[in-house]
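Data file: query-v7.csv. Format and content: CSV, N, CA and C atoms.
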```
chain,number,residue,atom,x,y,z
F,1,MET,N,137.5,85.2,90.6
F,1,MET,CA,138.2,85.9,91.7
F,1,MET,C,137.2,86.0,92.9
F,2,LYS,N,137.7,85.7,94.0
F,2,LYS,CA,136.8,85.8,95.2
F,2,LYS,C,136.6,87.2,95.6
F,3,PHE,N,135.3,87.5,96.0
F,3,PHE,CA,135.0,88.8,96.5
F,3,PHE,C,134.7,88.6,98.0
F,4,PRO,N,135.4,89.5,98.8
F,4,PRO,CA,136.4,90.4,98.5
F,4,PRO,C,137.8,89.9,98.5
F,5,SER,N,138.6,90.2,97.6
F,5,SER,CA,140.1,89.8,97.7
F,5,SER,C,140.9,90.9,97.0
F,6,LYS,N,142.2,90.8,97.3
F,6,LYS,CA,143.1,91.8,96.6
F,6,LYS,C,143.0,91.7,95.1
F,7,GLU,N,142.9,90.5,94.6
F,7,GLU,CA,142.9,90.3,93.1
F,7,GLU,C,141.6,90.9,92.6
F,8,TRP,N,140.5,90.7,93.2
F,8,TRP,CA,139.2,91.2,92.8
F,8,TRP,C,139.3,92.8,92.7
F,9,VAL,N,139.8,93.4,93.8
F,9,VAL,CA,139.9,94.8,93.8
F,9,VAL,C,140.8,95.4,92.8
F,10,GLU,N,142.0,94.7,92.5
F,10,GLU,CA,142.9,95.2,91.5
F,10,GLU,C,142.2,95.1,90.1
F,11,ARG,N,141.5,94.0,89.8
F,11,ARG,CA,140.9,93.9,88.6
F,11,ARG,C,139.7,94.9,88.4
F,12,TYR,N,139.0,95.2,89.5
F,12,TYR,CA,138.0,96.2,89.4
F,12,TYR,C,138.6,97.6,89.0
F,13,ARG,N,139.7,97.9,89.6
F,13,ARG,CA,140.3,99.2,89.2
F,13,ARG,C,140.7,99.2,87.7
F,14,GLU,N,141.2,98.1,87.2
F,14,GLU,CA,141.6,98.1,85.8
F,14,GLU,C,140.3,98.2,85.0
F,15,GLU,N,139.2,97.6,85.3
F,15,GLU,CA,138.0,97.6,84.6
F,15,GLU,C,137.4,99.1,84.7
F,16,LEU,N,137.4,99.7,85.9
F,16,LEU,CA,136.9,101.0,86.0
F,16,LEU,C,137.6,102.0,85.0
F,17,ASN,N,138.9,101.9,84.9
F,17,ASN,CA,139.6,102.8,84.1
F,17,ASN,C,139.5,102.6,82.6
F,18,ARG,N,138.7,101.7,82.2
F,18,ARG,CA,138.4,101.5,80.8
F,18,ARG,C,136.9,101.3,80.6
F,19,SER,N,136.1,101.9,81.5
F,19,SER,CA,134.6,101.8,81.4
F,19,SER,C,133.9,103.1,81.2
F,20,PRO,N,132.6,103.1,81.0
F,20,PRO,CA,131.9,104.4,80.8
F,20,PRO,C,132.0,105.2,82.1
F,21,TRP,N,132.3,104.6,83.2
F,21,TRP,CA,132.5,105.4,84.4
F,21,TRP,C,133.5,106.5,84.3
F,22,THR,N,134.5,106.3,83.4
F,22,THR,CA,135.5,107.4,83.2
F,22,THR,C,134.9,108.7,82.7
F,23,GLU,N,133.7,108.6,82.0
F,23,GLU,CA,133.0,109.8,81.6
F,23,GLU,C,132.0,110.2,82.7
F,24,SER,N,131.2,109.3,83.2
F,24,SER,CA,130.1,109.7,84.2
F,24,SER,C,130.8,110.1,85.5
F,25,GLY,N,132.0,109.7,85.8
F,25,GLY,CA,132.6,110.1,87.0
F,25,GLY,C,133.6,111.3,86.9
F,26,LYS,N,133.6,111.9,85.8
F,26,LYS,CA,134.5,113.1,85.5
F,26,LYS,C,134.3,114.2,86.5
F,27,GLY,N,133.1,114.4,87.0
F,27,GLY,CA,132.8,115.5,87.9
F,27,GLY,C,133.2,115.2,89.4
F,28,TRP,N,133.6,114.0,89.6
F,28,TRP,CA,133.9,113.6,91.0
F,28,TRP,C,135.3,114.2,91.4
F,29,VAL,N,135.2,115.1,92.3
F,29,VAL,CA,136.4,115.8,92.8
F,29,VAL,C,136.4,115.8,94.4
F,30,TYR,N,135.7,114.8,94.9
F,30,TYR,CA,135.4,114.8,96.4
F,30,TYR,C,136.3,113.9,97.2
F,31,GLY,N,137.2,113.3,96.6
F,31,GLY,CA,138.1,112.4,97.3
F,31,GLY,C,137.8,110.9,97.3
F,32,PRO,N,138.5,110.1,97.9
F,32,PRO,CA,138.4,108.7,97.9
F,32,PRO,C,137.1,108.2,98.6
F,33,ILE,N,136.7,107.0,98.3
F,33,ILE,CA,135.5,106.3,98.8
F,33,ILE,C,136.0,105.0,99.4
F,34,SER,N,135.5,104.6,100.6
F,34,SER,CA,135.8,103.3,101.1
F,34,SER,C,134.5,102.5,101.1
F,35,LEU,N,134.5,101.3,100.6
F,35,LEU,CA,133.4,100.4,100.6
F,35,LEU,C,133.7,99.4,101.7
F,36,VAL,N,132.8,99.2,102.6
F,36,VAL,CA,133.0,98.4,103.8
F,36,VAL,C,132.1,97.2,103.7
F,37,ILE,N,132.7,96.0,103.7
F,37,ILE,CA,131.9,94.7,103.8
F,37,ILE,C,132.0,94.4,105.3
F,38,LYS,N,130.9,94.4,106.0
F,38,LYS,CA,130.8,94.2,107.4
F,38,LYS,C,131.2,92.8,107.8
F,39,LYS,N,131.8,92.7,108.9
F,39,LYS,CA,132.2,91.4,109.5
F,39,LYS,C,131.1,90.4,109.5
F,40,ASP,N,131.3,89.2,109.1
F,40,ASP,CA,130.3,88.1,109.2
F,40,ASP,C,131.1,86.8,109.3
F,41,GLU,N,131.3,86.4,110.6
F,41,GLU,CA,132.1,85.2,110.9
F,41,GLU,C,131.5,84.0,110.3
F,42,LYS,N,130.2,83.9,110.1
F,42,LYS,CA,129.5,82.7,109.6
F,42,LYS,C,130.0,82.4,108.2
F,43,ILE,N,130.4,83.4,107.4
F,43,ILE,CA,130.9,83.1,106.1
F,43,ILE,C,132.4,83.3,105.9
F,44,GLY,N,133.1,83.5,107.1
F,44,GLY,CA,134.6,83.6,107.0
F,44,GLY,C,135.1,85.0,107.0
F,45,ILE,N,134.3,86.0,107.1
F,45,ILE,CA,134.8,87.4,107.2
F,45,ILE,C,134.9,87.8,108.6
F,46,ASP,N,136.1,87.6,109.2
F,46,ASP,CA,136.3,87.8,110.6
F,46,ASP,C,136.4,89.3,111.1
F,47,ASN,N,136.7,90.2,110.1
F,47,ASN,CA,136.8,91.6,110.4
F,47,ASN,C,136.1,92.4,109.3
F,48,ASP,N,135.7,93.6,109.5
F,48,ASP,CA,135.2,94.4,108.4
F,48,ASP,C,136.3,94.5,107.4
F,49,VAL,N,135.9,94.5,106.1
F,49,VAL,CA,136.9,94.6,105.0
F,49,VAL,C,136.7,95.9,104.3
F,50,TYR,N,137.7,96.7,104.2
F,50,TYR,CA,137.7,98.1,103.7
F,50,TYR,C,138.3,98.1,102.3
F,51,ILE,N,137.5,98.4,101.3
F,51,ILE,CA,138.0,98.5,99.9
F,51,ILE,C,138.1,100.0,99.7
F,52,TYR,N,139.3,100.5,99.5
F,52,TYR,CA,139.6,101.9,99.3
F,52,TYR,C,139.8,102.2,97.9
F,53,LEU,N,138.9,103.1,97.4
F,53,LEU,CA,139.0,103.6,96.0
F,53,LEU,C,139.4,105.0,95.9
F,54,ASP,N,140.6,105.3,95.4
F,54,ASP,CA,141.1,106.6,95.3
F,54,ASP,C,140.7,107.1,93.9
F,55,ILE,N,139.5,107.7,93.9
F,55,ILE,CA,139.0,108.2,92.6
F,55,ILE,C,139.0,109.7,92.5
F,56,ASP,N,139.2,110.2,91.2
F,56,ASP,CA,139.2,111.6,91.0
F,56,ASP,C,139.0,111.9,89.5
F,57,LYS,N,138.0,112.6,89.2
F,57,LYS,CA,137.7,113.1,87.8
F,57,LYS,C,137.6,111.9,86.8
F,58,GLY,N,136.9,110.8,87.2
F,58,GLY,CA,136.8,109.7,86.3
F,58,GLY,C,138.0,108.8,86.2
F,59,PHE,N,138.9,108.9,87.1
F,59,PHE,CA,140.1,108.0,87.1
F,59,PHE,C,140.2,107.4,88.5
F,60,CYS,N,140.4,106.1,88.5
F,60,CYS,CA,140.7,105.4,89.8
F,60,CYS,C,142.2,105.3,89.9
F,61,LYS,N,142.8,106.1,90.7
F,61,LYS,CA,144.3,106.1,90.9
F,61,LYS,C,144.8,104.9,91.6
F,62,GLU,N,143.9,104.4,92.6
F,62,GLU,CA,144.4,103.3,93.4
F,62,GLU,C,143.1,102.6,93.9
F,63,ALA,N,143.2,101.3,94.0
F,63,ALA,CA,142.1,100.5,94.6
F,63,ALA,C,142.8,99.4,95.4
F,64,LYS,N,142.5,99.3,96.7
F,64,LYS,CA,143.2,98.3,97.5
F,64,LYS,C,142.4,98.0,98.8
F,65,ILE,N,142.7,96.9,99.4
F,65,ILE,CA,142.1,96.6,100.7
F,65,ILE,C,143.0,97.2,101.7
F,66,VAL,N,142.4,98.0,102.7
F,66,VAL,CA,143.2,98.7,103.7
F,66,VAL,C,142.7,98.4,105.1
F,67,SER,N,143.4,98.9,106.0
F,67,SER,CA,143.0,98.7,107.4
F,67,SER,C,141.8,99.6,107.7
F,68,LYS,N,141.1,99.3,108.8
F,68,LYS,CA,140.0,100.2,109.2
F,68,LYS,C,140.4,101.6,109.4
F,69,GLU,N,141.6,101.8,110.0
F,69,GLU,CA,142.1,103.1,110.3
F,69,GLU,C,142.3,103.9,109.0
F,70,GLU,N,142.9,103.3,108.0
F,70,GLU,CA,143.1,104.0,106.7
F,70,GLU,C,141.7,104.2,106.0
F,71,GLY,N,140.9,103.2,106.0
F,71,GLY,CA,139.6,103.2,105.3
F,71,GLY,C,138.7,104.3,105.9
F,72,GLU,N,138.7,104.5,107.2
F,72,GLU,CA,137.8,105.5,107.8
F,72,GLU,C,138.3,106.9,107.5
F,73,LYS,N,139.5,107.1,107.0
F,73,LYS,CA,139.9,108.4,106.6
F,73,LYS,C,139.3,109.0,105.4
F,74,ALA,N,138.7,108.1,104.5
F,74,ALA,CA,138.1,108.5,103.3
F,74,ALA,C,136.9,109.5,103.6
F,75,PRO,N,136.7,110.5,102.8
F,75,PRO,CA,135.6,111.4,103.1
F,75,PRO,C,134.2,110.7,102.9
F,76,PHE,N,134.2,109.6,102.2
F,76,PHE,CA,132.9,108.9,102.0
F,76,PHE,C,133.2,107.4,102.3
F,77,VAL,N,132.4,106.9,103.3
F,77,VAL,CA,132.6,105.5,103.6
F,77,VAL,C,131.2,104.9,103.6
F,78,ILE,N,131.0,103.8,102.8
F,78,ILE,CA,129.7,103.2,102.6
F,78,ILE,C,129.8,101.8,103.2
F,79,TYR,N,128.9,101.5,104.2
F,79,TYR,CA,129.0,100.2,104.9
F,79,TYR,C,127.8,99.3,104.5
F,80,GLY,N,128.1,98.0,104.4
F,80,GLY,CA,127.0,97.1,104.1
F,80,GLY,C,127.4,95.7,104.4
F,81,GLU,N,126.3,94.9,104.6
F,81,GLU,CA,126.5,93.5,104.8
F,81,GLU,C,127.0,92.8,103.5
F,82,TYR,N,127.7,91.7,103.6
F,82,TYR,CA,128.2,91.0,102.5
F,82,TYR,C,127.1,90.7,101.5
F,83,GLU,N,125.9,90.3,101.9
F,83,GLU,CA,124.8,90.0,101.1
F,83,GLU,C,124.3,91.2,100.2
F,84,ARG,N,124.4,92.4,100.9
F,84,ARG,CA,124.0,93.6,100.1
F,84,ARG,C,125.0,93.9,99.0
F,85,TRP,N,126.3,93.8,99.3
F,85,TRP,CA,127.3,94.0,98.3
F,85,TRP,C,127.2,93.0,97.1
F,86,LYS,N,126.8,91.8,97.5
F,86,LYS,CA,126.6,90.8,96.5
F,86,LYS,C,125.4,91.1,95.6
F,87,GLN,N,124.4,91.6,96.2
F,87,GLN,CA,123.2,92.0,95.4
F,87,GLN,C,123.5,93.2,94.5
F,88,ILE,N,124.3,94.1,95.0
F,88,ILE,CA,124.8,95.3,94.2
F,88,ILE,C,125.6,94.8,93.0
F,89,ILE,N,126.6,94.0,93.2
F,89,ILE,CA,127.5,93.5,92.2
F,89,ILE,C,126.7,92.7,91.1
F,90,LYS,N,125.7,92.0,91.6
F,90,LYS,CA,124.9,91.2,90.6
F,90,LYS,C,123.9,92.0,89.9
F,91,GLY,N,123.8,93.3,90.3
F,91,GLY,CA,122.8,94.2,89.6
F,91,GLY,C,121.4,94.0,90.1
F,92,GLU,N,121.2,93.4,91.3
F,92,GLU,CA,119.9,93.2,91.9
F,92,GLU,C,119.5,94.4,92.8
F,93,LEU,N,120.4,95.2,93.2
F,93,LEU,CA,120.1,96.3,94.1
F,93,LEU,C,121.0,97.5,93.6
F,94,GLU,N,120.3,98.7,93.5
F,94,GLU,CA,121.0,99.9,93.1
F,94,GLU,C,121.6,100.6,94.3
F,95,PRO,N,122.8,101.0,94.3
F,95,PRO,CA,123.5,101.5,95.5
F,95,PRO,C,122.8,102.8,96.1
F,96,ILE,N,122.4,103.7,95.2
F,96,ILE,CA,121.8,104.9,95.7
F,96,ILE,C,120.5,104.6,96.4
F,97,LYS,N,119.7,103.7,95.8
F,97,LYS,CA,118.4,103.2,96.5
F,97,LYS,C,118.7,102.5,97.8
F,98,ALA,N,119.8,101.7,97.8
F,98,ALA,CA,120.1,101.0,99.0
F,98,ALA,C,120.5,102.0,100.1
F,99,LEU,N,121.1,103.1,99.8
F,99,LEU,CA,121.5,104.1,100.8
F,99,LEU,C,120.2,104.7,101.3
F,100,ALA,N,119.3,105.1,100.4
F,100,ALA,CA,118.0,105.8,100.7
F,100,ALA,C,117.1,104.8,101.6
F,101,GLN,N,117.2,103.5,101.3
F,101,GLN,CA,116.4,102.6,102.1
F,101,GLN,C,117.0,102.1,103.4
F,102,GLY,N,118.3,102.5,103.6
F,102,GLY,CA,119.0,102.1,104.8
F,102,GLY,C,119.6,100.7,104.7
F,103,LYS,N,119.6,100.2,103.5
F,103,LYS,CA,120.3,98.9,103.3
F,103,LYS,C,121.8,99.0,103.3
F,104,LEU,N,122.3,100.2,103.0
F,104,LEU,CA,123.7,100.5,103.1
F,104,LEU,C,123.7,101.8,104.0
F,105,GLN,N,124.8,102.0,104.7
F,105,GLN,CA,125.0,103.2,105.5
F,105,GLN,C,126.1,104.0,105.0
F,106,LEU,N,126.0,105.3,105.1
F,106,LEU,CA,127.0,106.2,104.5
F,106,LEU,C,127.5,107.1,105.6
F,107,LYS,N,128.8,107.3,105.6
F,107,LYS,CA,129.5,108.3,106.4
F,107,LYS,C,130.0,109.3,105.3
F,108,GLY,N,129.4,110.5,105.3
F,108,GLY,CA,129.7,111.5,104.2
F,108,GLY,C,128.5,112.2,103.8
F,109,ASN,N,128.6,113.0,102.8
F,109,ASN,CA,127.4,113.8,102.4
F,109,ASN,C,126.6,113.1,101.4
F,110,LEU,N,125.4,112.7,101.7
F,110,LEU,CA,124.5,112.0,100.8
F,110,LEU,C,124.1,112.8,99.6
F,111,ALA,N,123.9,114.1,99.8
F,111,ALA,CA,123.6,115.0,98.6
F,111,ALA,C,124.6,114.9,97.5
F,112,THR,N,125.9,114.8,97.9
F,112,THR,CA,127.0,114.7,97.0
F,112,THR,C,126.9,113.4,96.2
F,113,ILE,N,126.7,112.3,96.9
F,113,ILE,CA,126.6,111.0,96.3
F,113,ILE,C,125.4,110.9,95.4
F,114,VAL,N,124.3,111.5,95.7
F,114,VAL,CA,123.1,111.4,94.9
F,114,VAL,C,123.3,112.1,93.6
F,115,ARG,N,124.1,113.1,93.5
F,115,ARG,CA,124.4,113.8,92.3
F,115,ARG,C,125.1,112.9,91.3
F,116,PHE,N,125.6,111.8,91.7
F,116,PHE,CA,126.4,110.9,90.8
F,116,PHE,C,125.7,109.6,90.6
F,117,VAL,N,124.4,109.6,90.4
F,117,VAL,CA,123.6,108.4,90.2
F,117,VAL,C,124.2,107.6,89.0
F,118,LYS,N,124.4,108.3,87.9
F,118,LYS,CA,124.9,107.6,86.7
F,118,LYS,C,126.3,107.0,86.9
F,119,ALA,N,127.1,107.8,87.6
F,119,ALA,CA,128.5,107.2,87.9
F,119,ALA,C,128.3,106.0,88.8
F,120,ALA,N,127.4,106.0,89.8
F,120,ALA,CA,127.2,104.8,90.6
F,120,ALA,C,126.8,103.6,89.8
F,121,GLU,N,125.8,103.9,88.9
F,121,GLU,CA,125.3,102.8,88.0
F,121,GLU,C,126.5,102.2,87.2
F,122,ASP,N,127.3,103.1,86.6
F,122,ASP,CA,128.4,102.7,85.8
F,122,ASP,C,129.4,101.9,86.6
F,123,MET,N,129.6,102.3,87.9
F,123,MET,CA,130.5,101.5,88.8
F,123,MET,C,130.0,100.1,89.0
F,124,VAL,N,128.7,100.0,89.2
F,124,VAL,CA,128.1,98.7,89.4
F,124,VAL,C,128.2,97.8,88.1
F,125,LYS,N,127.9,98.4,87.0
F,125,LYS,CA,128.0,97.7,85.7
F,125,LYS,C,129.5,97.2,85.5
F,126,THR,N,130.4,98.0,85.9
F,126,THR,CA,131.8,97.7,85.8
F,126,THR,C,132.2,96.5,86.7
F,127,ALA,N,131.6,96.5,87.9
F,127,ALA,CA,131.9,95.4,88.9
F,127,ALA,C,131.4,94.1,88.3
F,128,GLN,N,130.3,94.2,87.5
F,128,GLN,CA,129.7,93.0,86.9
F,128,GLN,C,130.7,92.4,85.9
F,129,LYS,N,131.6,93.1,85.4
F,129,LYS,CA,132.6,92.6,84.4
F,129,LYS,C,133.7,91.8,85.0
F,130,VAL,N,133.9,92.0,86.3
F,130,VAL,CA,135.0,91.3,87.0
F,130,VAL,C,134.5,89.9,87.3
F,131,PRO,N,135.2,88.8,86.8
F,131,PRO,CA,134.8,87.5,87.2
F,131,PRO,C,134.8,87.3,88.7
F,132,THR,N,133.6,87.1,89.2
F,132,THR,CA,133.4,87.1,90.7
F,132,THR,C,132.9,85.8,91.2
F,133,GLU,N,133.6,85.3,92.2
F,133,GLU,CA,133.2,84.1,92.9
F,133,GLU,C,132.8,84.6,94.3
F,134,PHE,N,131.5,84.4,94.7
F,134,PHE,CA,131.0,84.9,96.0
F,134,PHE,C,131.3,83.7,97.0
F,135,ILE,N,131.7,84.1,98.2
F,135,ILE,CA,132.0,83.1,99.2
F,135,ILE,C,130.7,82.6,99.9
F,136,ALA,N,129.6,83.3,99.7
F,136,ALA,CA,128.3,82.8,100.3
F,136,ALA,C,127.2,83.3,99.5
```

So that I can check it, write out the structure of this file as C-alpha cells.
Amino acid sequence: MKFPSKEWVERYREELNRSPWTESGKGWVYGPISLVIKKDEKIGIDNDVYIYLDIDKGFCKEAKIVSKEEGEKAPFVIYGEYERWKQIIKGELEPIKALAQGKLQLKGNLATIVRFVKAAEDMVKTAQKVPTEFIA
C-alpha cells in the first residue's frame, strides 16, 4: 500500500486496534492527533497530507486523510517531511526523539506527548506491520 494513501491509513487503524498500543495508549484522553506529511512536489505530494487519528484510551475510533482545515483542529498536530515519516515507519527514527531534535514539529503540548513514549513506540511498531510502498 502506498504511503500516504487512504488504504494505508485504513489498514493502520485496523492494525492499531489489535496491537500492544491498545494497552500502552490506554491513558490517552487528550483527543485526536494529526500527522502531517509536508508538501513535496518533487515526489508528487502537491499539498500537505493530513492523517487524522481519532484516538482515545487505547482505541483508534477513526483514521482518515482529511483537509488542512479539519486536520488543524486536532489538539496535537505533528509536522514532518516525507523522508522523516519514512524513517519513522521503517524504525530508523524514534518520533519523540525526532520532536526533541526538531526533525518533526509539534503543535500541542510536548509534555503530554512525552508521557506516552511507550505508546509512541508501539504506534511505530504497528505502522511497520502495514505493507508499505514508499513513493520516494

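Shortest separation to F:Ile37 among F:Glu83, F:Glu72, F:Glu23, F:Glu92 occurs at residue F:Glu83, atoms counted being only N, CA and C atoms.
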
DSSP says strand (DSSP E) for which residues of chain F? Put them as an NGL selection string?
-> :F and (2-3 or 33-37 or 49-56 or 59-66 or 76-80 or 105-107 or 133-134)

Using all atoms listed in the file, the best pick from F:Gly80, F:Pro4, F:Gly58, F:Gly31 as closest to F:Leu16 would be F:Gly58

Point out the residue among F:Val9, F:Asn47, F:Ser24, F:Gln101 with the least atom-to-atom distance to F:Ala119, counting only N, CA and C atoms.
-> F:Ser24

As JSON, please report the centre and edge lengths, rounded to one decimal in Å, of the axis-aligned box that holds all listed atoms of stretch 60-75 of chain F with 5 Å of padding on each of the six sides.
```
{"center_x": 139.5, "center_y": 104.0, "center_z": 99.4, "size_x": 20.6, "size_y": 24.8, "size_z": 31.8}
```

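The space separating atom CA of F:Thr132 from atom N of F:Met1 comes to 4.5 Å.
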
Mind pulling up the distance from atom CA of F:Ile65 to atom N of F:Glu15?
-> 15.7 Å

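Closest approach to F:Trp28 from the set F:Glu7, F:Asp56, F:Asp40, F:Asp46 is made by F:Asp56, with distances taken over only C-alpha atoms.
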
Check stretch 39-131 of chain F with DSSP on the backbone and list each residue it calls helix (DSSP H, G or I), as JSON, numbers by chain.
-> {"F": [41, 42, 43, 68, 69, 70, 71, 82, 83, 84, 85, 86, 87, 88, 89, 95, 96, 97, 98, 99, 100, 110, 111, 112, 113, 114, 117, 118, 119, 120, 121, 122, 123, 124, 125, 126, 127]}

Expressed in Å, the length from atom CA of F:Lys57 to atom C of F:Arg13 is 14.2 Å

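Around the point (126.0, 100.6, 95.3), within 8 Å and counting all atoms listed in the file, we find these residues: F:Arg84, F:Trp85, F:Gln87, F:Ile88, F:Ile89, F:Leu93, F:Glu94, F:Pro95, F:Ile96, F:Lys97, F:Ala98, F:Leu99, F:Ala120, F:Glu121, F:Met123, F:Val124.
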
Please produce a file of the residues just selected, as a short mmCIF file (atom, residue, chain, number, x, y, z; two decimals), in the frame of the given file, where the atoms kept are N, CA and C atoms.
```cif
data_model
loop_
_atom_site.label_atom_id
_atom_site.label_comp_id
_atom_site.auth_asym_id
_atom_site.auth_seq_id
_atom_site.Cartn_x
_atom_site.Cartn_y
_atom_site.Cartn_z
N ARG F 84 124.40 92.40 100.90
CA ARG F 84 124.00 93.60 100.10
C ARG F 84 125.00 93.90 99.00
N TRP F 85 126.30 93.80 99.30
CA TRP F 85 127.30 94.00 98.30
C TRP F 85 127.20 93.00 97.10
N GLN F 87 124.40 91.60 96.20
CA GLN F 87 123.20 92.00 95.40
C GLN F 87 123.50 93.20 94.50
N ILE F 88 124.30 94.10 95.00
CA ILE F 88 124.80 95.30 94.20
C ILE F 88 125.60 94.80 93.00
N ILE F 89 126.60 94.00 93.20
CA ILE F 89 127.50 93.50 92.20
C ILE F 89 126.70 92.70 91.10
N LEU F 93 120.40 95.20 93.20
CA LEU F 93 120.10 96.30 94.10
C LEU F 93 121.00 97.50 93.60
N GLU F 94 120.30 98.70 93.50
CA GLU F 94 121.00 99.90 93.10
C GLU F 94 121.60 100.60 94.30
N PRO F 95 122.80 101.00 94.30
CA PRO F 95 123.50 101.50 95.50
C PRO F 95 122.80 102.80 96.10
N ILE F 96 122.40 103.70 95.20
CA ILE F 96 121.80 104.90 95.70
C ILE F 96 120.50 104.60 96.40
N LYS F 97 119.70 103.70 95.80
CA LYS F 97 118.40 103.20 96.50
C LYS F 97 118.70 102.50 97.80
N ALA F 98 119.80 101.70 97.80
CA ALA F 98 120.10 101.00 99.00
C ALA F 98 120.50 102.00 100.10
N LEU F 99 121.10 103.10 99.80
CA LEU F 99 121.50 104.10 100.80
C LEU F 99 120.20 104.70 101.30
N ALA F 120 127.40 106.00 89.80
CA ALA F 120 127.20 104.80 90.60
C ALA F 120 126.80 103.60 89.80
N GLU F 121 125.80 103.90 88.90
CA GLU F 121 125.30 102.80 88.00
C GLU F 121 126.50 102.20 87.20
N MET F 123 129.60 102.30 87.90
CA MET F 123 130.50 101.50 88.80
C MET F 123 130.00 100.10 89.00
N VAL F 124 128.70 100.00 89.20
CA VAL F 124 128.10 98.70 89.40
C VAL F 124 128.20 97.80 88.10
#
```

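With only C-alpha atoms as the atoms that count, the residue of F:Val29, F:Ile51, F:Ile113, F:Ile135 with the shortest distance to F:Lys86 is F:Ile135.
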
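Compared by their closest atoms to F:Val36, and using all atoms listed in the file, the residues F:Arg11, F:Ser5, F:Glu81, F:Pro20 rank with F:Glu81 nearest.
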
Spatial neighbours of F:Ala63, max dist 5 Å, all atoms listed in the file, sep filter under 5 positions, as a PyMOL selection string | chain F and resi 52-54

Include N, CA and C atoms and write out the residues we just selected as a PDB file, in the coordinates of the input.
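Listing of selection_13.pdb after writing:
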```
ATOM      1  N   TYR F  52     139.300 100.500  99.500  1.00  0.00           N
ATOM      2  CA  TYR F  52     139.600 101.900  99.300  1.00  0.00           C
ATOM      3  C   TYR F  52     139.800 102.200  97.900  1.00  0.00           C
ATOM      4  N   LEU F  53     138.900 103.100  97.400  1.00  0.00           N
ATOM      5  CA  LEU F  53     139.000 103.600  96.000  1.00  0.00           C
ATOM      6  C   LEU F  53     139.400 105.000  95.900  1.00  0.00           C
ATOM      7  N   ASP F  54     140.600 105.300  95.400  1.00  0.00           N
ATOM      8  CA  ASP F  54     141.100 106.600  95.300  1.00  0.00           C
ATOM      9  C   ASP F  54     140.700 107.100  93.900  1.00  0.00           C
TER      10      ASP F  54
END
```

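Once all atoms listed in the file are considered, the residues situated within 5 Å of the file point (139.4, 107.5, 100.2) turn out to be Gly31, Pro32, Ile33, Ser34, Leu53, Ala74 and Pro75 of chain F.
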